[in-house]
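Novice: CSV, C-alpha atoms, saved as entry-v4.csv, coming up:
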```csv
chain,number,residue,atom,x,y,z
A,68,MET,CA,2.3,219.6,99.7
A,69,LYS,CA,-0.6,218.6,102.0
A,70,LYS,CA,0.7,215.1,102.2
A,71,ILE,CA,4.2,216.3,103.3
A,72,SER,CA,2.6,218.5,105.9
A,73,LEU,CA,0.6,215.6,107.3
A,74,ILE,CA,3.6,213.4,107.5
A,75,LEU,CA,5.5,216.1,109.4
A,76,ALA,CA,2.6,216.6,111.8
A,77,VAL,CA,2.4,212.9,112.5
A,78,LEU,CA,6.2,212.7,113.2
A,79,LEU,CA,6.0,215.7,115.5
A,80,LEU,CA,3.1,214.2,117.4
A,81,VAL,CA,5.0,210.9,117.8
A,82,SER,CA,8.2,212.6,118.9
A,83,CYS,CA,6.4,214.6,121.5
A,84,GLN,CA,4.5,211.8,123.2
A,85,LYS,CA,5.5,211.1,126.8
A,86,GLY,CA,7.0,208.0,128.2
A,87,ASN,CA,9.0,205.0,127.0
A,88,HIS,CA,10.6,206.9,124.1
A,89,TYR,CA,7.6,206.7,121.7
A,90,LEU,CA,4.8,205.5,123.8
A,91,ASP,CA,2.6,202.8,122.3
A,92,ASN,CA,-0.7,201.2,123.3
A,93,THR,CA,0.2,197.6,122.6
A,94,GLY,CA,0.5,196.5,126.3
A,95,TYR,CA,4.2,196.7,126.9
A,96,ILE,CA,5.1,197.8,130.5
A,97,LEU,CA,8.5,199.4,131.2
A,98,GLU,CA,10.3,197.5,134.0
A,99,ASP,CA,13.7,199.1,134.1
A,100,GLU,CA,16.1,201.3,132.1
A,101,VAL,CA,19.9,201.1,131.8
A,102,VAL,CA,21.7,204.2,130.4
A,103,PHE,CA,25.3,204.3,129.4
A,104,SER,CA,26.3,207.9,128.9
A,105,ARG,CA,29.2,209.6,127.4
A,106,HIS,CA,30.3,212.7,129.4
A,107,ASN,CA,29.1,216.0,128.2
A,108,ILE,CA,31.1,218.9,126.7
A,109,ARG,CA,34.6,219.1,128.0
A,110,SER,CA,37.8,221.1,127.3
A,111,PRO,CA,40.4,219.5,125.0
A,112,LEU,CA,42.5,216.6,126.3
A,113,SER,CA,45.8,218.4,125.3
A,114,ALA,CA,47.2,220.8,127.9
A,115,PRO,CA,48.2,224.4,127.1
A,116,GLY,CA,51.7,224.5,125.6
A,117,SER,CA,51.2,221.2,123.7
A,118,GLU,CA,51.3,220.9,119.9
A,119,LEU,CA,47.6,221.8,119.8
A,120,SER,CA,48.6,225.4,120.8
A,121,ILE,CA,51.0,225.9,117.8
A,122,VAL,CA,49.1,224.2,114.9
A,123,THR,CA,47.1,227.4,114.3
A,124,PRO,CA,48.1,231.1,114.3
A,125,TYR,CA,44.8,231.9,116.1
A,126,ASP,CA,44.0,231.7,119.8
A,127,TRP,CA,41.8,228.9,121.0
A,128,VAL,CA,38.7,229.8,123.0
A,129,ASP,CA,39.1,230.0,126.7
A,130,TRP,CA,37.0,227.0,127.9
A,131,GLY,CA,37.0,228.3,131.4
A,132,VAL,CA,38.1,225.1,133.0
A,133,GLU,CA,41.2,222.9,133.4
A,134,THR,CA,42.4,220.5,130.7
A,135,ALA,CA,39.8,217.7,130.0
A,136,HIS,CA,37.3,219.0,132.4
A,137,LEU,CA,33.5,219.4,131.9
A,138,THR,CA,32.7,222.9,130.8
A,139,ALA,CA,29.9,225.1,132.3
A,140,ARG,CA,27.9,224.6,129.1
A,141,GLY,CA,28.4,220.8,129.3
A,142,GLY,CA,27.0,220.9,132.9
A,143,ARG,CA,23.9,222.9,131.9
A,144,ILE,CA,23.2,220.6,129.0
A,145,GLU,CA,23.5,217.5,131.1
A,146,GLN,CA,21.0,219.0,133.7
A,147,LYS,CA,18.6,219.5,130.8
A,148,MET,CA,19.0,215.9,129.7
A,149,GLY,CA,18.4,214.7,133.2
A,150,ASN,CA,15.2,216.8,133.2
A,151,TRP,CA,14.0,215.1,130.0
A,152,PHE,CA,14.7,211.6,131.4
A,153,ARG,CA,12.7,212.6,134.5
A,154,GLU,CA,9.7,213.8,132.4
A,155,ASP,CA,9.9,210.8,130.0
A,156,LEU,CA,10.5,208.0,132.5
A,157,ASP,CA,7.2,206.3,133.4
A,158,ILE,CA,8.7,204.6,136.4
A,159,PHE,CA,10.3,207.8,137.8
A,160,GLU,CA,8.0,208.2,140.8
A,161,SER,CA,9.0,204.7,142.0
A,162,LEU,CA,12.8,205.4,141.9
A,163,ASN,CA,14.8,205.6,145.1
A,164,GLU,CA,18.3,205.0,146.3
A,165,ASN,CA,17.5,201.3,146.8
A,166,ASN,CA,16.5,200.6,143.2
A,167,THR,CA,18.6,203.1,141.4
A,168,LEU,CA,22.4,203.2,140.6
A,169,ILE,CA,24.2,206.3,139.4
A,170,TYR,CA,27.8,205.3,138.8
A,171,SER,CA,30.5,207.4,137.0
A,172,ASN,CA,34.1,206.9,136.0
A,173,SER,CA,36.6,208.7,138.3
A,174,LYS,CA,37.5,211.4,135.8
A,175,GLN,CA,36.3,215.0,136.6
A,176,ARG,CA,34.3,215.2,133.4
A,177,THR,CA,32.4,212.0,134.1
A,178,ILE,CA,31.8,212.8,137.8
A,179,LYS,CA,30.5,216.3,137.0
A,180,THR,CA,28.3,214.9,134.1
A,181,ALA,CA,26.7,212.5,136.5
A,182,GLU,CA,26.2,215.1,139.2
A,183,ASN,CA,24.5,217.4,136.7
A,184,PHE,CA,22.3,214.6,135.4
A,185,ILE,CA,21.2,213.9,139.0
A,186,ALA,CA,20.5,217.7,139.4
A,187,GLY,CA,18.3,217.7,136.3
A,188,PHE,CA,16.7,214.3,137.2
A,189,ASN,CA,15.5,216.0,140.4
A,190,LYS,CA,15.8,212.9,142.6
A,191,ASP,CA,17.8,212.8,145.8
A,192,LEU,CA,20.1,209.9,144.7
A,193,PRO,CA,23.7,209.2,145.6
A,194,LEU,CA,26.5,209.2,143.0
A,195,PHE,CA,29.0,206.3,143.2
A,196,TYR,CA,32.5,206.5,141.9
A,197,LEU,CA,35.9,205.1,143.0
A,198,TYR,CA,38.5,207.6,143.8
A,199,GLN,CA,41.5,206.8,141.5
A,200,ASP,CA,43.8,209.8,141.8
A,201,ASP,CA,42.7,210.9,138.3
A,202,SER,CA,43.3,207.5,136.8
A,203,MET,CA,40.5,205.3,135.4
A,204,ASP,CA,38.1,203.2,137.4
A,205,PRO,CA,38.8,199.6,136.2
A,206,LEU,CA,35.1,199.3,135.2
A,207,PHE,CA,35.4,202.1,132.6
A,208,ASN,CA,39.1,201.7,131.7
A,209,PRO,CA,39.2,200.3,128.1
A,210,MET,CA,42.5,198.5,128.7
A,211,TYR,CA,43.8,195.2,127.7
A,212,THR,CA,43.9,192.7,130.5
A,213,VAL,CA,45.7,190.2,128.3
A,214,MET,CA,48.1,190.6,125.3
A,215,ASN,CA,50.3,188.3,123.3
A,216,ASP,CA,51.8,188.1,119.8
A,217,ASP,CA,48.8,186.3,118.3
A,218,LEU,CA,46.4,188.8,119.7
A,219,GLN,CA,48.5,191.7,118.4
A,220,LYS,CA,48.5,190.2,114.9
A,221,ARG,CA,44.7,189.6,115.1
A,222,ILE,CA,44.0,193.1,116.3
A,223,ILE,CA,46.2,194.8,113.7
A,224,ALA,CA,44.4,192.7,111.0
A,225,ASP,CA,41.1,193.9,112.4
A,226,MET,CA,42.2,197.5,112.4
A,227,ASN,CA,43.4,197.2,108.8
A,228,GLU,CA,39.9,195.9,107.7
A,229,ILE,CA,38.5,199.3,108.5
A,230,GLY,CA,40.4,200.6,105.5
A,231,GLY,CA,39.7,197.5,103.4
A,232,VAL,CA,43.4,196.8,102.8
A,233,ALA,CA,45.5,194.1,104.5
A,234,GLY,CA,48.7,195.1,106.1
A,235,THR,CA,52.1,193.9,104.8
A,236,GLU,CA,55.4,193.3,106.5
A,237,ASP,CA,56.8,196.5,105.1
A,238,ASP,CA,53.5,198.4,105.7
A,239,PRO,CA,51.8,196.9,108.7
A,240,TYR,CA,49.2,199.7,109.0
A,241,LYS,CA,48.3,199.9,105.3
A,242,GLY,CA,44.6,199.5,105.8
A,243,ILE,CA,44.5,202.0,108.7
A,244,LEU,CA,46.4,204.6,106.6
A,245,ALA,CA,44.0,203.9,103.7
A,246,ALA,CA,41.1,204.7,106.0
A,247,VAL,CA,42.8,208.0,107.0
A,248,GLU,CA,43.4,208.7,103.3
A,249,ASN,CA,39.7,208.4,102.7
A,250,ILE,CA,39.0,211.4,104.8
A,251,SER,CA,42.1,213.4,103.6
A,252,ASP,CA,39.9,216.0,101.8
A,253,ASP,CA,38.2,216.8,105.1
A,254,ILE,CA,41.5,217.0,106.8
A,255,ARG,CA,42.8,219.5,104.2
A,256,PHE,CA,39.6,221.5,104.7
A,257,MET,CA,40.2,221.6,108.4
A,258,GLU,CA,43.7,222.9,107.7
A,259,ASP,CA,42.2,225.9,106.0
A,260,VAL,CA,39.8,226.5,108.9
A,261,ILE,CA,42.6,226.5,111.4
A,262,GLY,CA,45.1,228.4,109.2
A,263,PHE,CA,47.6,225.6,109.5
A,264,LYS,CA,50.0,226.8,106.8
A,265,ASP,CA,50.6,230.0,108.8
A,266,SER,CA,51.0,228.3,112.1
A,267,PRO,CA,54.2,228.1,114.2
A,268,TYR,CA,54.1,224.3,113.8
A,269,ALA,CA,54.1,224.5,110.0
A,270,GLU,CA,56.8,227.1,109.9
A,271,GLU,CA,59.1,225.2,112.4
A,272,ASN,CA,58.7,221.9,110.5
A,273,GLN,CA,58.6,223.6,107.0
A,274,LEU,CA,55.2,222.0,106.2
A,275,GLU,CA,52.4,223.0,103.8
A,276,HIS,CA,50.0,220.4,105.1
A,277,LEU,CA,49.6,218.2,108.2
A,278,PRO,CA,51.5,215.0,107.4
A,279,LEU,CA,49.5,211.7,107.4
A,280,ASP,CA,52.2,209.1,106.8
A,281,GLU,CA,53.7,208.2,110.2
A,282,MET,CA,51.8,205.9,112.5
A,283,THR,CA,52.5,203.5,115.3
A,284,ILE,CA,49.9,201.4,117.1
A,285,ILE,CA,50.7,200.4,120.7
A,286,LEU,CA,49.0,197.3,122.1
A,287,THR,CA,50.2,196.6,125.7
A,288,GLU,CA,48.7,194.6,128.5
A,289,GLY,CA,47.4,196.9,131.3
A,290,GLU,CA,47.1,199.8,128.9
A,291,GLU,CA,44.5,201.2,126.5
A,292,PRO,CA,45.0,200.7,122.8
A,293,ALA,CA,47.1,203.7,121.7
A,294,MET,CA,48.2,205.5,118.6
A,295,LYS,CA,51.3,207.6,118.0
A,296,GLY,CA,52.0,209.7,114.9
A,297,ASP,CA,50.5,212.0,112.5
A,298,TYR,CA,46.8,211.1,112.6
A,299,LYS,CA,46.7,211.2,116.4
A,300,LEU,CA,47.6,215.0,116.2
A,301,VAL,CA,45.0,215.4,113.4
A,302,ASN,CA,42.3,213.8,115.6
A,303,SER,CA,43.3,216.0,118.5
A,304,ILE,CA,42.9,219.1,116.4
A,305,ALA,CA,39.5,218.0,115.0
A,306,ASP,CA,38.3,217.3,118.6
A,307,ALA,CA,39.3,220.8,119.8
A,308,VAL,CA,37.7,222.5,116.8
A,309,VAL,CA,34.4,220.7,117.4
A,310,LEU,CA,34.5,221.6,121.1
A,311,GLN,CA,35.2,225.2,120.3
A,312,TYR,CA,32.2,225.2,118.0
A,313,TYR,CA,30.0,223.9,120.8
A,314,GLU,CA,31.2,226.8,123.0
A,315,THR,CA,31.1,229.6,120.5
A,316,GLY,CA,29.3,228.5,117.3
A,317,LYS,CA,32.3,229.7,115.4
A,318,ALA,CA,35.8,228.7,114.3
A,319,PHE,CA,38.3,231.2,115.7
A,320,GLY,CA,35.8,234.0,115.6
A,321,LYS,CA,34.6,233.2,112.1
A,322,ASP,CA,31.2,231.8,111.2
A,323,ILE,CA,31.2,228.2,110.2
A,324,SER,CA,28.2,226.3,108.7
A,325,PHE,CA,26.8,223.1,110.1
A,326,ASP,CA,27.9,221.2,107.0
A,327,ASP,CA,31.4,222.5,107.4
A,328,ILE,CA,31.7,221.6,111.1
A,329,ARG,CA,30.3,218.2,110.3
A,330,ARG,CA,33.2,217.7,107.8
A,331,ILE,CA,35.6,218.4,110.7
A,332,GLY,CA,33.6,216.0,112.8
A,333,LYS,CA,34.2,213.4,110.1
A,334,VAL,CA,37.9,213.8,110.6
A,335,LYS,CA,37.4,212.1,114.0
A,336,THR,CA,35.6,209.0,112.7
A,337,VAL,CA,38.6,206.8,112.0
A,338,TYR,CA,40.3,207.2,115.4
A,339,ASP,CA,37.8,205.4,117.6
A,340,LYS,CA,36.9,202.9,114.9
A,341,VAL,CA,40.5,201.8,114.7
A,342,LEU,CA,41.4,201.8,118.3
A,343,PHE,CA,38.2,200.8,120.1
A,344,ALA,CA,35.7,199.4,117.6
A,345,ASN,CA,37.8,196.8,115.9
A,346,HIS,CA,36.1,193.6,117.0
A,347,THR,CA,38.9,191.8,118.9
A,348,THR,CA,39.8,194.9,120.8
A,349,ALA,CA,36.2,195.7,121.5
A,350,VAL,CA,35.6,192.3,123.1
A,351,LEU,CA,38.7,192.5,125.2
A,352,VAL,CA,38.4,196.0,126.5
A,353,SER,CA,34.6,196.2,127.0
A,354,ASN,CA,34.3,193.1,129.1
A,355,PRO,CA,33.8,194.7,132.5
A,356,LEU,CA,31.1,197.0,131.2
A,357,VAL,CA,29.4,194.3,129.1
A,358,LYS,CA,29.1,192.2,132.3
A,359,LYS,CA,27.9,195.2,134.4
A,360,ILE,CA,25.2,196.2,131.9
A,361,LYS,CA,24.0,192.6,131.6
A,362,ASP,CA,23.9,192.4,135.4
A,363,GLU,CA,21.9,195.6,135.7
A,364,ILE,CA,19.4,194.5,133.0
A,365,CYS,CA,18.9,191.2,134.8
A,366,ASP,CA,18.6,192.6,138.3
A,367,SER,CA,14.9,192.5,139.1
A,368,ALA,CA,15.4,194.9,142.0
A,369,ARG,CA,17.0,197.6,139.9
A,370,LYS,CA,14.7,200.1,138.2
A,371,PHE,CA,17.2,202.7,136.8
A,372,THR,CA,20.9,202.6,136.1
A,373,PHE,CA,23.0,205.5,134.8
A,374,LEU,CA,26.7,204.7,134.0
A,375,CYS,CA,28.8,207.6,132.8
A,376,GLY,CA,32.0,207.0,130.8
A,377,HIS,CA,33.5,207.9,127.5
A,378,ASP,CA,33.0,207.6,123.7
A,379,SER,CA,35.7,204.9,123.7
A,380,ASN,CA,33.4,202.9,126.0
A,381,ILE,CA,30.5,203.4,123.6
A,382,ALA,CA,32.6,202.4,120.6
A,383,SER,CA,33.9,199.2,122.3
A,384,ILE,CA,30.6,198.1,123.9
A,385,THR,CA,28.6,198.5,120.7
A,386,ALA,CA,31.2,196.8,118.5
A,387,ALA,CA,31.6,193.9,121.0
A,388,LEU,CA,27.9,193.2,121.2
A,389,GLY,CA,27.3,193.6,117.5
A,390,MET,CA,25.2,196.8,118.0
A,391,ARG,CA,25.0,198.9,114.8
A,392,LEU,CA,25.2,202.6,115.9
A,393,PRO,CA,23.0,204.6,113.5
A,394,GLN,CA,24.6,207.4,111.5
A,395,THR,CA,23.7,210.5,113.5
A,396,ILE,CA,21.2,213.2,112.5
A,397,ASP,CA,21.6,216.8,113.6
A,398,ALA,CA,25.0,216.0,115.2
A,399,VAL,CA,28.6,217.0,114.5
A,400,GLU,CA,30.0,213.6,115.4
A,401,PHE,CA,29.0,210.6,113.2
A,402,ALA,CA,28.6,207.8,115.9
A,403,SER,CA,28.5,208.9,119.5
A,404,PRO,CA,27.9,212.6,119.9
A,405,ILE,CA,29.1,214.5,123.0
A,406,GLY,CA,26.8,213.6,125.9
A,407,SER,CA,25.2,210.8,124.0
A,408,LYS,CA,23.6,207.8,125.7
A,409,ILE,CA,23.0,204.1,124.8
A,410,VAL,CA,19.6,203.5,126.5
A,411,LEU,CA,18.4,199.9,127.0
A,412,GLN,CA,14.8,199.6,128.2
A,413,LYS,CA,13.3,196.3,129.5
A,414,TYR,CA,9.6,195.8,129.0
A,415,LYS,CA,7.2,193.2,130.0
A,416,LYS,CA,4.1,192.0,128.0
A,417,GLY,CA,2.2,189.2,129.5
A,418,ASP,CA,4.7,186.6,130.7
A,419,SER,CA,7.4,187.7,128.2
A,420,GLU,CA,10.2,190.3,128.4
A,421,PHE,CA,11.5,192.5,125.7
A,422,ILE,CA,14.3,195.0,125.1
A,423,LYS,CA,14.5,198.3,123.1
A,424,VAL,CA,17.8,200.0,122.5
A,425,ASN,CA,18.2,203.6,121.4
A,426,LEU,CA,21.0,206.2,120.9
A,427,ILE,CA,19.8,209.4,122.6
A,428,TYR,CA,21.6,212.8,122.4
A,429,ALA,CA,21.1,216.5,122.4
A,430,SER,CA,20.8,218.0,118.9
A,431,VAL,CA,23.3,220.7,117.7
A,432,SER,CA,20.8,223.5,118.3
A,433,GLN,CA,20.0,222.2,121.8
A,434,LEU,CA,23.8,222.1,122.6
A,435,ARG,CA,24.6,225.4,121.0
A,436,GLU,CA,21.6,227.4,122.3
A,437,THR,CA,21.4,225.5,125.7
A,438,GLN,CA,17.7,224.9,124.9
A,439,GLU,CA,15.4,223.3,127.4
A,440,ILE,CA,15.2,219.6,126.6
A,441,THR,CA,11.6,218.5,127.4
A,442,ILE,CA,8.8,216.3,126.1
A,443,SER,CA,7.8,219.1,123.7
A,444,ASN,CA,11.5,219.6,122.7
A,445,PRO,CA,13.0,216.1,123.0
A,446,PRO,CA,16.5,215.0,122.2
A,447,MET,CA,17.4,213.0,119.2
A,448,ILE,CA,16.3,209.3,119.6
A,449,LEU,CA,17.6,206.8,117.0
A,450,PRO,CA,17.1,203.0,117.2
A,451,ILE,CA,20.2,200.8,117.6
A,452,ASP,CA,20.1,197.5,115.7
A,453,PHE,CA,21.8,194.2,116.6
A,454,ASP,CA,23.6,192.3,113.9
A,455,GLY,CA,21.8,188.9,113.5
A,456,LEU,CA,18.9,189.7,115.8
A,457,SER,CA,15.3,190.4,114.7
A,458,ARG,CA,12.7,192.6,116.3
A,459,ASN,CA,9.1,191.5,116.6
A,460,ALA,CA,6.3,193.3,114.8
A,461,ASP,CA,6.1,196.0,117.4
A,462,GLY,CA,9.8,196.8,117.2
A,463,TYR,CA,11.1,195.0,120.3
A,464,TYR,CA,13.9,192.5,120.7
A,465,LYS,CA,13.2,189.4,122.8
A,466,MET,CA,14.9,189.7,126.2
A,467,GLU,CA,16.4,186.2,125.9
A,468,ASP,CA,17.9,187.0,122.5
A,469,VAL,CA,19.7,190.1,123.8
A,470,ILE,CA,20.9,188.4,127.0
A,471,ASN,CA,22.2,185.5,124.8
A,472,ARG,CA,24.2,188.1,122.8
A,473,PHE,CA,25.7,189.4,126.0
A,474,ASP,CA,26.6,185.9,127.1
A,475,GLU,CA,28.2,185.1,123.7
A,476,THR,CA,30.3,188.2,124.0
A,477,ILE,CA,31.4,187.4,127.5
A,478,ALA,CA,32.3,183.8,126.4
A,479,GLU,CA,34.3,185.2,123.4
A,480,PHE,CA,36.3,187.4,125.8
A,481,GLU,CA,37.0,184.3,128.0
A,482,SER,CA,38.2,182.4,124.9
A,483,LEU,CA,40.5,185.2,123.8
A,484,ALA,CA,41.9,185.7,127.3
A,485,LYS,CA,43.0,182.1,127.7
```
Once more with this new file: its structure as structure tokens, please.

Specialist:
Amino acid sequence: MKKISLILAVLLLVSCQKGNHYLDNTGYILEDEVVFSRHNIRSPLSAPGSELSIVTPYDWVDWGVETAHLTARGGRIEQKMGNWFREDLDIFESLNENNTLIYSNSKQRTIKTAENFIAGFNKDLPLFYLYQDDSMDPLFNPMYTVMNDDLQKRIIADMNEIGGVAGTEDDPYKGILAAVENISDDIRFMEDVIGFKDSPYAEENQLEHLPLDEMTIILTEGEEPAMKGDYKLVNSIADAVVLQYYETGKAFGKDISFDDIRRIGKVKTVYDKVLFANHTTAVLVSNPLVKKIKDEICDSARKFTFLCGHDSNIASITAALGMRLPQTIDAVEFASPIGSKIVLQKYKKGDSEFIKVNLIYASVSQLRETQEITISNPPMILPIDFDGLSRNADGYYKMEDVINRFDETIAEFESLAK
């Protein structure tokens, strides 16, 4: 018992240390930090009156904002995350508008997330975004800039690999549907939570369960990868239930345990994997951001960069670069929780430069209780691994190895885009 208590005390001491996300005394000096952030808590993407409003007999919570907008809770949490970055960042005092970039996508939820981060960061810094009349800034838009029959076949094959089954002429999405089938128990559990069998949707279509058979994948130049059919609706429902949990801690007024809401979070896992994390798509749609992140890391004049986009961006960036996102702890989502951040830190030791990469996000209790996020109550910090790259004895990647990976990924895009 004493041994366990000692281990817990050591872990607490380490997690609460200030600076550099686990400060060490081995001579590494932080030079700059690049953060790619998912927006914080938003309302669902589906507008009132859509299918989402009739798949349950219950009333959804009033998120208090328009469709797909950042909620008040999301804004408060992002301010608290900005505060933690301010406290944690050793180079904070040297930051100014000349060596810092805060850049968001042009959607309301990303703009407001970045604005709230700045407010918590407590620095008078400008926010840059391109006005796009509510469409995507090309930097953040995970769209195909090239598409042809060979690429379509390759992408569908990649997607089917997620389910471990090759597609056939009669069943081109066999592997994708197999991946959905693997989470069918969790989907059926979600049906019970939302009362699906008593919903107007079920009554109108004479259904006992949400169907899982119909699917179409759409791969079009100039557009994001898209899915139509049964699982898209299932994913939208799971997304809304999770967002409702963040706002209320309940499911339609009823208590729900963390394990149960995490089961519903699991329902969402296949969607981004299929559409944005299959390797060929990831390389094609993440290219602008991969180039931008590399440029920011290599810019000696830049000290801090904050880019604010979406979970689809995180899925494609990490898959393209061979980053292995850790399975999350104390989170509803399994890969990129709401408001989560990929944080790349560049260090110098002697004449050599090194990189650390972490996934950082607010815990469920911090989100639900809008707790202060500080050095003494830090967010979750999980290391991100690179396939095929090795850390040194102190846990750092060589800068040249990481930049080579960026260059290889950019070269792969150029080869695919020919």

Novice: Can you tell me how far atom CA of A:Arg105 sits from atom CA of A:Met257, in Å to one decimal?

Specialist: 25.0 Å

Novice: Atom CA of A:Leu277 and atom CA of A:Gly231 are how many Å apart?

Specialist: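 Calculated distance between atom CA of A:Leu277 and atom CA of A:Gly231 is 23.4 Å.
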
Novice: What separation in Å, quoted to one decimal, exists between atom CA of A:Ser379 and atom CA of A:Ile304?

Specialist: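 So the two atoms, atom CA of A:Ser379 and atom CA of A:Ile304, lie 17.5 Å apart.
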
Novice: What's the 9 Å shell around A:Pro239, counting all atoms listed in the file, without same-chain residues fewer than 5 positions away, as a VMD selection string?

Specialist: chain A and resid 223 to 224 227 233 to 234

Novice: The residues within 9 Å of (40.2, 218.4, 123.5), using all atoms listed in the file and the coordinates of the file, should be reported as a list in words; which are they?

Specialist: Arg109, Ser110, Pro111, Leu112, Ser113, Ala114, Leu119, Thr134, Ala135, Ser303, Ile304, Ala305, Asp306, Ala307, Val308, Val309 and Leu310 of chain A

Novice: My list of candidates is A:Lys335, A:His136, A:Thr235, A:Met226. Which is closest to A:Asp201 when distances are computed with only C-alpha atoms?

Specialist: A:His136

Novice: Considering only C-alpha atoms, state which residue in the set A:Arg330, A:Lys370, A:Lys179, A:Arg221 is at the smallest distance from A:Asn166.

Specialist: A:Lys370

Novice: Find, counting all atoms listed in the file, the residue in A:Ile261, A:Leu449, A:Ile331, A:Val337 that gets nearest to A:Ala318.

Specialist: A:Ile261

Novice: Restricting the calculation to only C-alpha atoms, which member of A:Ile121, A:Phe421, A:Ile323, A:Glu481 is positioned closest to A:Val352?

Specialist: A:Glu481

Novice: Please fill the gaps in stretch 326-339 of chain A so it has N, CA and C atoms, and write that as a PDB file, in the coordinates of the input.

Specialist:
```
ATOM      1  N   ASP A 326      27.278 222.150 107.909  1.00  0.00           N
ATOM      2  CA  ASP A 326      27.900 221.200 107.000  1.00  0.00           C
ATOM      3  C   ASP A 326      29.405 221.200 107.107  1.00  0.00           C
ATOM      4  N   ASP A 327      29.964 222.385 107.310  1.00  0.00           N
ATOM      5  CA  ASP A 327      31.400 222.500 107.400  1.00  0.00           C
ATOM      6  C   ASP A 327      31.946 221.920 108.726  1.00  0.00           C
ATOM      7  N   ILE A 328      31.257 222.196 109.826  1.00  0.00           N
ATOM      8  CA  ILE A 328      31.700 221.600 111.100  1.00  0.00           C
ATOM      9  C   ILE A 328      31.530 220.122 111.113  1.00  0.00           C
ATOM     10  N   ARG A 329      30.519 219.638 110.399  1.00  0.00           N
ATOM     11  CA  ARG A 329      30.300 218.200 110.300  1.00  0.00           C
ATOM     12  C   ARG A 329      31.473 217.541 109.527  1.00  0.00           C
ATOM     13  N   ARG A 330      32.016 218.261 108.545  1.00  0.00           N
ATOM     14  CA  ARG A 330      33.200 217.700 107.800  1.00  0.00           C
ATOM     15  C   ARG A 330      34.355 217.562 108.807  1.00  0.00           C
ATOM     16  N   ILE A 331      34.500 218.495 109.726  1.00  0.00           N
ATOM     17  CA  ILE A 331      35.600 218.400 110.700  1.00  0.00           C
ATOM     18  C   ILE A 331      35.257 217.273 111.705  1.00  0.00           C
ATOM     19  N   GLY A 332      33.969 217.101 112.024  1.00  0.00           N
ATOM     20  CA  GLY A 332      33.600 216.000 112.800  1.00  0.00           C
ATOM     21  C   GLY A 332      33.926 214.653 112.184  1.00  0.00           C
ATOM     22  N   LYS A 333      33.843 214.621 110.859  1.00  0.00           N
ATOM     23  CA  LYS A 333      34.200 213.400 110.100  1.00  0.00           C
ATOM     24  C   LYS A 333      35.643 213.031 110.260  1.00  0.00           C
ATOM     25  N   VAL A 334      36.492 214.034 110.473  1.00  0.00           N
ATOM     26  CA  VAL A 334      37.900 213.800 110.600  1.00  0.00           C
ATOM     27  C   VAL A 334      38.181 212.849 111.829  1.00  0.00           C
ATOM     28  N   LYS A 335      37.274 212.873 112.810  1.00  0.00           N
ATOM     29  CA  LYS A 335      37.400 212.100 114.000  1.00  0.00           C
ATOM     30  C   LYS A 335      36.984 210.629 113.866  1.00  0.00           C
ATOM     31  N   THR A 336      36.303 210.301 112.761  1.00  0.00           N
ATOM     32  CA  THR A 336      35.600 209.000 112.700  1.00  0.00           C
ATOM     33  C   THR A 336      36.562 207.809 112.701  1.00  0.00           C
ATOM     34  N   VAL A 337      37.724 207.930 112.126  1.00  0.00           N
ATOM     35  CA  VAL A 337      38.600 206.800 112.000  1.00  0.00           C
ATOM     36  C   VAL A 337      39.258 206.422 113.347  1.00  0.00           C
ATOM     37  N   TYR A 338      39.516 207.405 114.176  1.00  0.00           N
ATOM     38  CA  TYR A 338      40.300 207.200 115.400  1.00  0.00           C
ATOM     39  C   TYR A 338      39.655 206.161 116.325  1.00  0.00           C
ATOM     40  N   ASP A 339      38.418 206.393 116.737  1.00  0.00           N
ATOM     41  CA  ASP A 339      37.800 205.400 117.600  1.00  0.00           C
ATOM     42  C   ASP A 339      37.464 204.118 116.955  1.00  0.00           C
TER      43      ASP A 339
END
```
